[in-house]
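Engineer: Dropping a structure here in C-alpha cells format, bear with me for questions.
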Amino acid sequence: MTQGTLLKQITDYANRADPYPLYAELRRTPVSRQDDGVYAVSTYWEILSLLHDPRISSDTRNRLPGMGGTLLADSEEEDTGLPPSFIRLDPPEHDRLRRLAMRPFGPPHTPRRIHDLRGELDRMVTGLIDGLRDRREVDLVDDFAYPFPVMVICRLLGVPHEDEARFHVWAEQIVAGIDPSSSEDPAQRQEAAQRARTELGRYLAGLAEEHRRTPGDDLLSAMVTEQDPRERLTPIEMITTAVLLFIAGHETTVNLITNGMLTLLRNPETLARLRKEPELAVPLVEELLRFEPPVQFLPQRTALTDIDLAGTVIPKGAPIWLVLASGNRDPRRFEDPDRFDPERVDNQHFGFGSGVHYCFGAPLARLEAQIALTQLARRLGDPGLAEDPPPYRRNPVLRGPRHLRIAFDGVVG
C-alpha cells in the first residue's frame, strides 16, 4: 500500500467497518495525488480552506478530460433524469436555487418550520417503537431508521398518508441503486433505481399541481403558491429540489441514527447517561457527527485553477476528494480524536460540511437524531448488539450499517 493507493483501500468494502486507521495514514500527506488522478485532501485545516474557496467547483462538468478520477465513476453521480440540484452547482446559480428552496424550509422566511415539527417527530418515533413491543430482536435499519425519515419527508412535502407506502418502495429501490450488493445484476439494479426516481419525480409533479389547487401547510404548497415570480422556483427546479430532499436527506439521516445507536451500544455508560439525562442528546449528536459522520467524503469537487495547498499544486480541472471523516479525526484539530466524547467542547466538525454547501437539512437531521436516539435509549430494555461489527452498506461515501440487529428485553413505557 502506498500513499497513492490509500483511497482505493478506503473505498474497498473490506475496510468499510473501520476505515479510520487508513484515514490516519492518509493524513500523513495532507494533499496527496492518488494513482487514478484524484487529489485527496485529508487534514482539517486544508479541508476547511477548500470548503470556503471559490476556486473549487461542485459542478463536475468543470472537470477536464484525462484528469482521472475514475474511482467512483459508477456511483458518484446519481442520474435522476432531472437537471442538477443545487448541491451540484456553483454560485451564483447555486445561491439562487438554495435561497429559493430555503424560503419555505427555514429562516429567515419560515423560522419555525422545523421547530414546530418536534411534537410530530416525537409521535412518529413513539409509534415506531410501540410497534416493536412483541419483539425481542430487531433490525434497527429496516424496522426504524429507514421508515422514520420517509415518514418525515412525506409530512414535509404534504404527501397523503395513504401514499406513504409508495415512498417506502421508492426509497428501497433507490437505496439498492446507491448501495449495490455483490449478488445483484448491476444493470437491473440501476434500471430499477432509475425507474423509481422517474416515478418519484412524476408523483411529486402531480402532487405539486394538487397543492396548487388546494394548498396546505407543507413545502410543496409553499413553493407552488409563491406569488413573487422572483422568489419562485420553476416547476422543474421545484421537482429537482423535492427529489434532493427525499434522497439526500433520507440517506444521511438513516446513517446518522444507525451509526449513533451502534456507537451508544459500544459505549454503554453513555447510553445509560442518555437514558437518565435526555438533554445530553444535543452535544451527543454533535459528537456523533464528528466521530461517525454519515457522509465520509465529498468526491465531486474540481479545481477551477491551479491551487497550491500544503505544498502540493492541484492542477486546474483535477478531481478533488475532501475526506471529511479524516478531517474529523485530525489530532491537530481535535484532542484525542479517536475517543467518543459527548462533552467535547469546540466541536466544529464536518458532519454537515461547511461553506456555501453546508447541509441544507442540518436542523432537521439534528432534531430527528436527537429524538430518535433519546427514545431508543429510554424505551428499549437492556439493548445489546446481536452482531458486531454489523454488515455495512457497500457505498463508501454514505457509510453506515446496512443492518443493525439489536437484542433487547422488551419495550418500556
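Numbering starts fresh at 1 for the residues of each chain in the C-alpha cells, the chains themselves are lettered A, B, ... in the order given, and ligands are numbered from 1 as they appear.
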Can you list, as a list in words, every protein, DNA or RNA residue that comes within 10 Å of A:Thr60 when you count only C-alpha atoms, leaving out same-chain residues fewer than 3 positions away?
Structural biologist: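 Those residues are Ser57, Arg63, Leu64, Glu77, Arg88, Leu89, Pro299, Gln300, Arg301, Thr302, Ala303, Gly317 and Pro319 of chain A.
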Engineer: So that I can check the secondary structure, give me every residue of stretch 32-182 of chain A assigned strand (DSSP E or B) by backbone DSSP, as a list in words.
Structural biologist: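 Listing strand (DSSP E or B) positions across stretch 32-182 of chain A yields Ser32, Arg33, Tyr39, Ala40, Val41, Ile56, Ser57, Glu137, Val138 and Asp139 of chain A.
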Engineer: Taking 3 positions as the minimum chain separation for residues in the same chain, which residues sit within 6 Å of A:Phe297 when counting only C-alpha atoms? Answer as a PyMOL selection string.
Structural biologist: chain A and resi 322-324+397
Engineer: Put those residues in a file: all heavy atoms, as a PDB file, in the first residue's frame.
Structural biologist:
```
ATOM      1  N   LEU A 322     -12.618  15.724  -0.817  1.00  0.00           N
ATOM      2  CA  LEU A 322     -12.481  16.283   0.512  1.00  0.00           C
ATOM      3  C   LEU A 322     -12.895  15.206   1.504  1.00  0.00           C
ATOM      4  O   LEU A 322     -14.072  14.867   1.620  1.00  0.00           O
ATOM      5  CB  LEU A 322     -13.357  17.521   0.661  1.00  0.00           C
ATOM      6  CG  LEU A 322     -13.099  18.643  -0.352  1.00  0.00           C
ATOM      7  CD1 LEU A 322     -14.038  19.817  -0.108  1.00  0.00           C
ATOM      8  CD2 LEU A 322     -11.646  19.104  -0.317  1.00  0.00           C
ATOM      9  N   VAL A 323     -11.923  14.649   2.221  1.00  0.00           N
ATOM     10  CA  VAL A 323     -12.161  13.478   3.069  1.00  0.00           C
ATOM     11  C   VAL A 323     -12.593  13.956   4.459  1.00  0.00           C
ATOM     12  O   VAL A 323     -11.793  14.063   5.395  1.00  0.00           O
ATOM     13  CB  VAL A 323     -10.913  12.566   3.120  1.00  0.00           C
ATOM     14  CG1 VAL A 323     -11.263  11.225   3.771  1.00  0.00           C
ATOM     15  CG2 VAL A 323     -10.363  12.324   1.720  1.00  0.00           C
ATOM     16  N   LEU A 324     -13.883  14.251   4.573  1.00  0.00           N
ATOM     17  CA  LEU A 324     -14.429  14.867   5.776  1.00  0.00           C
ATOM     18  C   LEU A 324     -14.197  14.014   7.021  1.00  0.00           C
ATOM     19  O   LEU A 324     -13.866  14.533   8.095  1.00  0.00           O
ATOM     20  CB  LEU A 324     -15.929  15.109   5.603  1.00  0.00           C
ATOM     21  CG  LEU A 324     -16.366  15.917   4.374  1.00  0.00           C
ATOM     22  CD1 LEU A 324     -17.883  16.051   4.355  1.00  0.00           C
ATOM     23  CD2 LEU A 324     -15.703  17.276   4.344  1.00  0.00           C
ATOM     24  N   VAL A 397     -19.201   6.368   0.317  1.00  0.00           N
ATOM     25  CA  VAL A 397     -19.454   7.769   0.629  1.00  0.00           C
ATOM     26  C   VAL A 397     -20.470   7.879   1.760  1.00  0.00           C
ATOM     27  O   VAL A 397     -20.248   8.587   2.744  1.00  0.00           O
ATOM     28  CB  VAL A 397     -19.948   8.526  -0.626  1.00  0.00           C
ATOM     29  CG1 VAL A 397     -20.245   9.987  -0.274  1.00  0.00           C
ATOM     30  CG2 VAL A 397     -18.928   8.448  -1.745  1.00  0.00           C
TER      31      VAL A 397
END
```
Engineer: Out of A:Tyr13, A:Phe340, A:Tyr39, A:Tyr20, which residue has the shortest atom-to-atom distance to A:Leu309 when counting only C-alpha atoms?
Structural biologist: A:Tyr39
Engineer: Using only C-alpha atoms, find the one residue out of A:Pro401, A:Pro268, A:Pro283, A:Gly410 that sits nearest to A:Gly131.
Structural biologist: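 Of A:Pro401, A:Pro268, A:Pro283, A:Gly410, the one nearest A:Gly131, counting only C-alpha atoms, is A:Gly410.
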Engineer: Tell me which protein, DNA and RNA residues are within 9 Å of A:Asn347, counting only C-alpha atoms, leaving out same-chain ones fewer than 5 positions away, and put them as a list in words.
Structural biologist: Pro283, Glu286, Glu287, Arg290 and Phe334 of chain A
Engineer: Write the residues of the selection above to a file with all heavy atoms, as an mmCIF file, in the first residue's frame.
Structural biologist:
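selection-v4.cif was written with the following content:
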```cif
data_model
loop_
_atom_site.group_PDB
_atom_site.id
_atom_site.type_symbol
_atom_site.label_atom_id
_atom_site.label_comp_id
_atom_site.auth_asym_id
_atom_site.auth_seq_id
_atom_site.Cartn_x
_atom_site.Cartn_y
_atom_site.Cartn_z
ATOM 1 N N PRO A 283 -25.431 17.658 22.640
ATOM 2 C CA PRO A 283 -23.991 17.516 22.376
ATOM 3 C C PRO A 283 -23.619 16.119 21.885
ATOM 4 O O PRO A 283 -22.641 15.960 21.141
ATOM 5 C CB PRO A 283 -23.345 17.819 23.735
ATOM 6 C CG PRO A 283 -24.407 17.526 24.745
ATOM 7 C CD PRO A 283 -25.691 17.901 24.075
ATOM 8 N N GLU A 286 -23.877 15.992 18.161
ATOM 9 C CA GLU A 286 -22.755 16.718 17.547
ATOM 10 C C GLU A 286 -21.493 15.872 17.540
ATOM 11 O O GLU A 286 -20.752 15.847 16.549
ATOM 12 C CB GLU A 286 -22.509 18.035 18.298
ATOM 13 C CG GLU A 286 -23.649 19.020 18.209
ATOM 14 C CD GLU A 286 -24.114 19.262 16.777
ATOM 15 O OE1 GLU A 286 -23.287 19.640 15.936
ATOM 16 O OE2 GLU A 286 -25.316 19.067 16.509
ATOM 17 N N GLU A 287 -21.248 15.160 18.629
ATOM 18 C CA GLU A 287 -20.060 14.302 18.670
ATOM 19 C C GLU A 287 -20.196 13.125 17.717
ATOM 20 O O GLU A 287 -19.211 12.687 17.103
ATOM 21 C CB GLU A 287 -19.812 13.827 20.108
ATOM 22 C CG GLU A 287 -18.656 12.842 20.279
ATOM 23 C CD GLU A 287 -17.267 13.431 20.013
ATOM 24 O OE1 GLU A 287 -17.167 14.536 19.430
ATOM 25 O OE2 GLU A 287 -16.270 12.784 20.379
ATOM 26 N N ARG A 290 -19.168 14.131 14.334
ATOM 27 C CA ARG A 290 -17.707 14.162 14.180
ATOM 28 C C ARG A 290 -17.124 12.760 14.134
ATOM 29 O O ARG A 290 -16.311 12.430 13.263
ATOM 30 C CB ARG A 290 -17.066 14.937 15.348
ATOM 31 C CG ARG A 290 -15.540 15.072 15.225
ATOM 32 C CD ARG A 290 -14.884 15.417 16.558
ATOM 33 N NE ARG A 290 -14.938 14.301 17.494
ATOM 34 C CZ ARG A 290 -14.062 13.292 17.520
ATOM 35 N NH1 ARG A 290 -13.071 13.225 16.640
ATOM 36 N NH2 ARG A 290 -14.188 12.328 18.424
ATOM 37 N N PHE A 334 -8.510 18.157 16.892
ATOM 38 C CA PHE A 334 -9.310 17.592 17.975
ATOM 39 C C PHE A 334 -8.424 16.785 18.917
ATOM 40 O O PHE A 334 -7.697 15.888 18.465
ATOM 41 C CB PHE A 334 -10.425 16.694 17.422
ATOM 42 C CG PHE A 334 -11.404 17.416 16.539
ATOM 43 C CD1 PHE A 334 -11.329 17.296 15.163
ATOM 44 C CD2 PHE A 334 -12.391 18.213 17.093
ATOM 45 C CE1 PHE A 334 -12.223 17.953 14.339
ATOM 46 C CE2 PHE A 334 -13.295 18.875 16.268
ATOM 47 C CZ PHE A 334 -13.213 18.755 14.895
#
```
Engineer: Skip A:Ser32 itself and residues of its chain fewer than 2 positions away, then list as a list in words all residues within 8 Å of it, counting only C-alpha atoms.
Structural biologist: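 Returned residues: Gln3, Gly4, Leu26, Thr29, Pro30, Gln34, Tyr39, Ala40, Val41 and Thr312 of chain A.
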Engineer: Name the closest residue to A:Asn267 among the candidates A:Gly384, A:Asp218, A:Met124, A:Gly249; distances are taken between atoms, counting only C-alpha atoms.
Structural biologist: A:Gly384
Engineer: Just how far from atom CA of A:Ala369 is atom CA of A:Ser326, in Å to one decimal?
Structural biologist: 22.2 Å
Engineer: Applying 9 Å and only C-alpha atoms, which residues near A:His357 remain after dropping the ones on its own chain fewer than 6 positions away? List them as a PyMOL selection string.
Structural biologist: chain A and resi 51+58+86-87+94
Engineer: For a quick check of understanding, using only C-alpha atoms, which of A:Ile174, A:Ala192, A:Ile406, A:Ala242 has the smallest distance to A:Asp388?
Structural biologist: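 Of all the options, A:Ile406 lies closest to A:Asp388.
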Engineer: State, in Å with one decimal place, the distance from atom CA of A:Pro149 to atom CA of A:His250.
Structural biologist: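 Taking atom CA of A:Pro149 and atom CA of A:His250, their separation equals 5.5 Å.
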